[in-house]
Amino acid sequence: MTNKITSLSEYLEKYQESVANPEGFWEKIAEDYYWHKKWDKVLEWNFDEPNVNWFQNGKLNITENIFERNLFMRKDQTAIIWEPNDPKDETVKLTYGELFEKVSQFANVLKKQGIKKGDRVTIYLPMIPELAIAMLACARIGAIHSIVFAGFSANALADRIIDGTSNIIITSDGGYRGTKTIPLKKIVDEALEKCPTIQKAIVYKRTGEDVPMKEGRDIWWHDAIKEVDTECKAEVMDSEDTLFILYTSGSTGKPKGVQHSIAGYMIFAEYTFKNVFQYSDGDVWWCTADIGWVTGHSYIVYGPLLAGATTVMFEGVPTWPDAGRFWDVVDKYKVNQFYTAPTAIRALVAQGNEFVTSKDLSSLKVLGTVGEPINEEAWRWYHDLVGKGRCPIVDTWWQTETGGIMITPLAGITPTKPSFATLPLPGIQPVIVDAEGKELKGNSVEGNLCIKFPWPGMIRSTYGDHERCRQVYFSQYKGMYFTGDGAKRDEEGYYRIMGRVDDVINVSGHRIGTAEVEDAINQHPKVNESAVVGYPHEIKGSGIYAYVICDELSETEIANIEKEIRATVTKQIGPIAKPDMIQLVSGLPKTRSGKIMRRILRKIGEGDATNLGDTSTLLDPGVVEDIIDGAKVEVKR
Ligand code: WT7
């Protein structure tokens, strides 16, 4: 494979080269793609606006780089292996040729519905091949996909549709998750009551349950595809046209639509995929994420398919029919590289070793993790039991905004250290800064993690609000992209990610903004005010701890309030944002200017009130004692 690093010395050499001449480094890689017209200039940028242009005025289509570029040698090679929720149901295997046909066909369906270049298409589907088909069909015709994870509620879906002003949504009657079915069409119907821009809904039949179809708006997928042919010319796009938006949470306000553009994202997704996981031709690759998150975008669909890989897509859950499901699937398809989240590993550790020790797993060569720091115990289990001590583990740090992996070992090449993401990929220039934004040079430093030079896969804007993008990512530290994470560079120059330094909680590897959860809790009619923080949780990494002030409650109301608050959050956002701990309090620790001192609440949630720091600026220091007395965890004083 081209552009694949094969040794540590080559990595070091490439890294030096990429810092000395980033334009030259990426330009050489870009030569490998199919362009209708090559770029005039590799890079133009400033981080003040921000304005980042990679491969300026280049013309291309990303799907031609997946299909036409790969087709002559891979027409009959499997592109997607789909493992259904129920292991007794049949696997679906799509070759590159078949997938191309289905993508082209669905692209024609979209066209027939009047969807054009630049239009936003909301996709709200379970993990079925049609999800990948729909997203690639958008890319084929230059429409912008906005995929919403199918675990989000009607309200959360509506927010995303409205912000992205989509006029079409693609969904299914329902979806399976273990023993549960999720009524997706029903959720969509509820969301669409609030979304006047949506003209059409295309509905794939997955569960076969009875769903009402709205005359003039709703169309069955299986009917729509009958009316079109299976060839669709690719729309010629500009390098910097938007490929997709994907909503993610921050410390304030509603989720923002992170915007990625075509050429840079394409090159970065494939480059990182091949190098980090050391994928070789013929290997079977499996990333267990949901395509509703960026991990699925970059490492189930775009990265692997651009590289001509065989990618496994899994509809089910790791614990059904039993906690050995992942390992059954690995053995069934002889998976070579496996990529999952620490939270999934911790959940499986808790189920006992027999589920893994009884499996063969000899096909595995590389193991990866993403989404949150991996604790040493989980790392050991993954390494010793799953990898039988043979497989390198790549702990990959990146974000929705970065488009692809940034700091990571290269599998089998970079010496690893548990809980360290190790070293930056070529082309990535991380810096650690102190509170004032001063770069901390040299080793053995700790501070906030920034990136000081553009990379091709980086965020270009937040949809509909460029100023917000500038504010959130480029204003804290002048001339740098701020990640929101704290990091340490150790004595060897290895990076260890220390976690978010803003008001974002990483729950099971998913980003939840505290402000968003507070807004949701405050929707409950009896709630006056709330404050939400993260606290250490054995399986989820961080759990959600909510301190809530309510109106006076009767005995029965007290008995039900926690349940009701959880239901309110589920309705507003979705089950992933449900607080794990809810504590009713009579007051919150506030400064005289009215700011909640979350630091104190975090400490209490961690169960350690021995060192609450300076509390002299508190309006009423007495509330802290009351909160400690009523805490849901044992608190050391
Ligand atoms: C946040 C980004 C990127 C795919 C999944 C999450 C945390 C991510 C690691 C890691 C420690 C990590 C960071 C980051 N994170 N990977 N290997 N070690 N922390 O994407 O939802 O955009 O979240 O996840 O805090 O900022 P995301």
# chains A, B, ... in the order shown; residues from 1 in each chain; ligands from 1
$ residues_around --residues "region 193-206 of chain A" --least-positions-apart "5" --cutoff "6 Å" --atoms "only C-alpha atoms" --output "list in words"
Asn167, Ile168, Ile169, Ile170, Thr171, Ser172, Asp173, Arg217, Asp218, Ile219, Trp220 and Trp221 of chain A
$ select_by_dssp --residues "region 66-303 of chain A" --states "alpha helix (DSSP H)" --output "ChimeraX atom specification"
/A:66,68-74,96-112,129-141,154-164,184-192,221-224,262-277,294-296,303
$ write_last_selection --atoms "C-alpha atoms" --output "mmCIF file, in the first residue's frame"
data_model
loop_
_atom_site.group_PDB
_atom_site.id
_atom_site.type_symbol
_atom_site.label_atom_id
_atom_site.label_comp_id
_atom_site.auth_asym_id
_atom_site.auth_seq_id
_atom_site.Cartn_x
_atom_site.Cartn_y
_atom_site.Cartn_z
ATOM 1 C CA ILE A 66 -13.760 4.902 -3.263
ATOM 2 C CA GLU A 68 -13.925 4.085 -9.640
ATOM 3 C CA ARG A 69 -10.375 4.303 -8.249
ATOM 4 C CA ASN A 70 -10.612 0.898 -6.568
ATOM 5 C CA LEU A 71 -12.923 -0.881 -8.934
ATOM 6 C CA PHE A 72 -10.657 -2.414 -11.505
ATOM 7 C CA MET A 73 -9.012 -4.540 -8.857
ATOM 8 C CA ARG A 74 -11.738 -4.779 -6.227
ATOM 9 C CA TYR A 96 -17.244 -2.984 -4.071
ATOM 10 C CA GLY A 97 -19.183 -3.538 -7.280
ATOM 11 C CA GLU A 98 -22.472 -4.179 -5.493
ATOM 12 C CA LEU A 99 -22.022 -1.328 -3.060
ATOM 13 C CA PHE A 100 -21.248 1.021 -5.933
ATOM 14 C CA GLU A 101 -24.451 0.017 -7.638
ATOM 15 C CA LYS A 102 -26.552 0.528 -4.535
ATOM 16 C CA VAL A 103 -24.941 3.883 -3.806
ATOM 17 C CA SER A 104 -25.524 5.077 -7.364
ATOM 18 C CA GLN A 105 -29.091 3.862 -7.266
ATOM 19 C CA PHE A 106 -29.859 5.652 -4.033
ATOM 20 C CA ALA A 107 -28.085 8.763 -5.322
ATOM 21 C CA ASN A 108 -30.625 8.715 -8.158
ATOM 22 C CA VAL A 109 -33.439 8.437 -5.622
ATOM 23 C CA LEU A 110 -32.161 11.560 -3.881
ATOM 24 C CA LYS A 111 -31.842 13.363 -7.181
ATOM 25 C CA LYS A 112 -35.362 12.403 -8.084
ATOM 26 C CA PRO A 129 -25.826 -1.203 5.271
ATOM 27 C CA GLU A 130 -28.357 1.379 4.047
ATOM 28 C CA LEU A 131 -26.802 3.880 6.450
ATOM 29 C CA ALA A 132 -23.479 3.644 4.613
ATOM 30 C CA ILE A 133 -25.298 3.568 1.284
ATOM 31 C CA ALA A 134 -27.267 6.718 2.104
ATOM 32 C CA MET A 135 -24.230 8.672 3.217
ATOM 33 C CA LEU A 136 -22.191 7.713 0.164
ATOM 34 C CA ALA A 137 -25.167 8.516 -2.075
ATOM 35 C CA CYS A 138 -25.168 12.040 -0.634
ATOM 36 C CA ALA A 139 -21.463 12.342 -1.345
ATOM 37 C CA ARG A 140 -22.010 11.066 -4.881
ATOM 38 C CA ILE A 141 -24.326 13.975 -5.725
ATOM 39 C CA ALA A 154 -37.182 13.396 18.969
ATOM 40 C CA ASN A 155 -36.252 16.750 20.503
ATOM 41 C CA ALA A 156 -32.546 16.292 19.925
ATOM 42 C CA LEU A 157 -33.218 15.144 16.365
ATOM 43 C CA ALA A 158 -35.455 18.149 15.714
ATOM 44 C CA ASP A 159 -32.779 20.547 17.028
ATOM 45 C CA ARG A 160 -30.281 19.079 14.577
ATOM 46 C CA ILE A 161 -32.669 19.135 11.628
ATOM 47 C CA ILE A 162 -33.595 22.738 12.302
ATOM 48 C CA ASP A 163 -30.018 23.912 12.783
ATOM 49 C CA GLY A 164 -28.912 22.168 9.599
ATOM 50 C CA LEU A 184 -37.376 5.218 14.831
ATOM 51 C CA LYS A 185 -40.170 6.276 12.487
ATOM 52 C CA LYS A 186 -42.343 7.218 15.432
ATOM 53 C CA ILE A 187 -39.536 9.351 16.844
ATOM 54 C CA VAL A 188 -39.053 10.982 13.438
ATOM 55 C CA ASP A 189 -42.783 11.726 13.148
ATOM 56 C CA GLU A 190 -42.672 13.460 16.499
ATOM 57 C CA ALA A 191 -39.553 15.435 15.557
ATOM 58 C CA LEU A 192 -40.962 16.494 12.202
ATOM 59 C CA TRP A 221 -37.030 3.034 0.306
ATOM 60 C CA HIS A 222 -37.913 -0.207 -1.506
ATOM 61 C CA ASP A 223 -40.466 1.609 -3.659
ATOM 62 C CA ALA A 224 -38.205 4.559 -4.416
ATOM 63 C CA ILE A 262 -14.123 16.938 1.056
ATOM 64 C CA ALA A 263 -10.526 16.716 -0.078
ATOM 65 C CA GLY A 264 -8.725 17.240 3.203
ATOM 66 C CA TYR A 265 -10.983 14.882 5.122
ATOM 67 C CA MET A 266 -10.670 12.227 2.428
ATOM 68 C CA ILE A 267 -6.893 12.219 2.454
ATOM 69 C CA PHE A 268 -6.671 12.357 6.223
ATOM 70 C CA ALA A 269 -9.206 9.569 6.812
ATOM 71 C CA GLU A 270 -7.402 7.131 4.534
ATOM 72 C CA TYR A 271 -3.889 8.082 5.613
ATOM 73 C CA THR A 272 -4.655 7.690 9.308
ATOM 74 C CA PHE A 273 -6.564 4.438 8.789
ATOM 75 C CA LYS A 274 -3.766 2.688 6.920
ATOM 76 C CA ASN A 275 -0.977 3.896 9.124
ATOM 77 C CA VAL A 276 -2.418 3.660 12.604
ATOM 78 C CA PHE A 277 -3.888 0.183 12.195
ATOM 79 C CA VAL A 294 -17.404 10.504 13.978
ATOM 80 C CA THR A 295 -15.546 7.257 14.650
ATOM 81 C CA GLY A 296 -18.007 5.453 12.422
ATOM 82 C CA GLY A 303 -11.156 5.607 5.757
#
$ residues_around --residues "Trp54 (chain A)" --least-positions-apart "5" --cutoff "7 Å" --atoms "only C-alpha atoms" --output "MDAnalysis selection string"
chainID A and resid 42:44 264 456
$ write_last_selection --atoms "all heavy atoms" --output "short mmCIF file (atom, residue, chain, number, x, y, z; two decimals), in the first residue's frame"
data_model
loop_
_atom_site.label_atom_id
_atom_site.label_comp_id
_atom_site.auth_asym_id
_atom_site.auth_seq_id
_atom_site.Cartn_x
_atom_site.Cartn_y
_atom_site.Cartn_z
N VAL A 42 -1.55 24.19 -2.34
CA VAL A 42 -1.83 23.13 -1.37
C VAL A 42 -2.56 23.66 -0.14
O VAL A 42 -3.52 23.07 0.34
CB VAL A 42 -0.53 22.41 -0.93
CG1 VAL A 42 -0.81 21.37 0.14
CG2 VAL A 42 0.14 21.77 -2.13
N LEU A 43 -2.09 24.80 0.37
CA LEU A 43 -2.66 25.26 1.65
C LEU A 43 -2.67 26.76 1.74
O LEU A 43 -1.67 27.43 1.42
CB LEU A 43 -1.83 24.68 2.81
CG LEU A 43 -2.20 25.17 4.22
CD1 LEU A 43 -3.60 24.74 4.62
CD2 LEU A 43 -1.18 24.65 5.25
N GLU A 44 -3.78 27.28 2.18
CA GLU A 44 -3.87 28.68 2.53
C GLU A 44 -4.60 28.75 3.85
O GLU A 44 -5.63 28.09 4.01
CB GLU A 44 -4.66 29.40 1.45
CG GLU A 44 -4.69 30.87 1.72
CD GLU A 44 -4.76 31.65 0.43
OE1 GLU A 44 -3.81 31.55 -0.38
OE2 GLU A 44 -5.79 32.31 0.27
N GLY A 264 -9.59 17.40 2.04
CA GLY A 264 -8.72 17.24 3.20
C GLY A 264 -9.16 16.06 4.06
O GLY A 264 -8.35 15.23 4.48
N PRO A 456 -5.14 18.35 7.24
CA PRO A 456 -6.19 18.33 6.21
C PRO A 456 -7.58 17.99 6.73
O PRO A 456 -8.58 18.46 6.20
CB PRO A 456 -5.71 17.24 5.23
CG PRO A 456 -4.25 17.13 5.45
CD PRO A 456 -3.99 17.46 6.89
#
$ atom_distance --atom1 "CA of Ile512 (chain A)" --atom2 "CA of Ile544 (chain A)"
9.1 Å
$ closest_residue --among "A:Gly178, A:Gly484, A:Gly142, A:Gly282" --to "ligand 1" --atoms "only C-alpha atoms and all ligand atoms"
A:Gly484
$ residues_near_ligand --ligand "ligand 1" --cutoff "8 Å" --atoms "only C-alpha atoms and all ligand atoms" --output "PyMOL selection string"
chain A and resi 248-249+293-295+369-374+395-405+407-408+419-421+483-485+496-500+506+509-511
$ residues_around --residues "region 581-596 of chain A" --least-positions-apart "2" --cutoff "7 Å" --atoms "only C-alpha atoms" --output "PyMOL selection string"
chain A and resi 544-549+562+579+598+617-619+623-624+627+631-632
$ atom_distance --atom1 "CA of Thr514 (chain A)" --atom2 "CA of Val533 (chain A)"
6.5 Å
$ closest_residue --among "A:Ser166, A:Gln351, A:Gln278, A:Ser461" --to "Ser261 (chain A)" --atoms "only C-alpha atoms"
A:Ser461
$ residues_around --residues "Lys636 (chain A)" --least-positions-apart "2" --cutoff "9 Å" --atoms "only C-alpha atoms" --output "VMD selection string"
chain A and resid 604 607 to 610 634
$ write_last_selection --atoms "all heavy atoms" --output "compact mmCIF listing (two decimals), in the first residue's frame"
# COMPACT_ATOMS: atom_id res chain seq x y z
N ILE A 604 -16.86 16.99 45.39
CA ILE A 604 -17.81 16.23 46.21
C ILE A 604 -18.24 14.96 45.46
O ILE A 604 -18.28 13.87 46.03
CB ILE A 604 -19.03 17.11 46.60
CG1 ILE A 604 -18.56 18.28 47.46
CG2 ILE A 604 -20.09 16.27 47.33
CD1 ILE A 604 -19.62 19.33 47.75
N GLY A 607 -16.00 12.30 45.81
CA GLY A 607 -15.96 11.73 47.15
C GLY A 607 -14.80 12.25 47.98
O GLY A 607 -14.36 11.61 48.93
N ASP A 608 -14.29 13.41 47.64
CA ASP A 608 -13.16 13.93 48.38
C ASP A 608 -13.35 15.42 48.67
O ASP A 608 -13.21 16.27 47.80
CB ASP A 608 -11.89 13.73 47.54
CG ASP A 608 -10.66 14.28 48.23
OD1 ASP A 608 -10.77 14.62 49.43
OD2 ASP A 608 -9.61 14.35 47.58
N ALA A 609 -13.71 15.69 49.92
CA ALA A 609 -13.91 17.09 50.30
C ALA A 609 -12.79 17.57 51.21
O ALA A 609 -12.92 18.56 51.92
CB ALA A 609 -15.27 17.25 50.98
N THR A 610 -11.68 16.84 51.18
CA THR A 610 -10.59 17.21 52.09
C THR A 610 -9.90 18.49 51.64
O THR A 610 -9.32 19.20 52.42
CB THR A 610 -9.52 16.11 52.18
OG1 THR A 610 -9.12 15.79 50.83
CG2 THR A 610 -10.05 14.86 52.86
N GLU A 634 -19.92 8.40 49.13
CA GLU A 634 -19.27 8.61 50.41
C GLU A 634 -18.20 9.69 50.25
O GLU A 634 -17.37 9.60 49.34
CB GLU A 634 -18.64 7.31 50.88
CG GLU A 634 -18.57 7.25 52.38
CD GLU A 634 -18.06 5.90 52.85
OE1 GLU A 634 -18.58 4.87 52.34
OE2 GLU A 634 -17.14 5.90 53.67
$ select_by_dssp --residues "region 329-559 of chain A" --states "strand (DSSP E)" --output "PyMOL selection string"
chain A and resi 337-340+366-370+393-396+430-433+445-451+461-462+481-489+495-500+504-507+510-513+527-537+541-550
$ residues_around --residues "Leu60 (chain A)" --least-positions-apart "3" --cutoff "8 Å" --atoms "only C-alpha atoms" --output "PyMOL selection string"
chain A and resi 34-37+64+236-239+263
$ residues_around --residues "Trp327 (chain A)" --least-positions-apart "6" --cutoff "12 Å" --atoms "only C-alpha atoms" --output "number ranges by chain"
A: 286, 288, 318-320, 333-336, 338, 345, 348, 353-364, 382, 385-387
$ write_last_selection --atoms "C-alpha atoms" --output "compact mmCIF listing (two decimals), in the first residue's frame"
# COMPACT_ATOMS: atom_id res chain seq x y z
CA TRP A 286 -13.79 -4.07 12.38
CA THR A 288 -17.46 -1.34 16.62
CA PRO A 318 -21.65 -6.30 22.83
CA THR A 319 -23.64 -8.08 25.55
CA TRP A 320 -26.35 -9.86 23.59
CA TYR A 333 -15.21 -13.24 10.00
CA LYS A 334 -11.56 -13.75 11.04
CA VAL A 335 -11.19 -10.12 11.95
CA ASN A 336 -7.60 -8.86 11.79
CA PHE A 338 -10.37 -4.54 15.98
CA ILE A 345 -13.91 -3.20 27.33
CA LEU A 348 -16.95 -6.85 29.28
CA ASN A 353 -13.15 -13.93 31.46
CA GLU A 354 -14.85 -17.09 30.13
CA PHE A 355 -16.57 -15.14 27.39
CA VAL A 356 -13.23 -14.38 25.85
CA THR A 357 -10.94 -17.20 26.90
CA SER A 358 -13.25 -19.72 25.21
CA LYS A 359 -12.77 -18.06 21.79
CA ASP A 360 -10.04 -18.60 19.23
CA LEU A 361 -9.24 -15.00 18.25
CA SER A 362 -6.07 -16.07 16.44
CA SER A 363 -6.92 -13.86 13.46
CA LEU A 364 -6.40 -10.69 15.51
CA TYR A 382 -7.53 -6.27 26.43
CA LEU A 385 -6.97 -11.91 27.17
CA VAL A 386 -8.24 -10.55 23.89
CA GLY A 387 -4.89 -10.07 22.19
$ atom_distance --atom1 "CA of Lys116 (chain A)" --atom2 "CA of Ser146 (chain A)"
14.7 Å
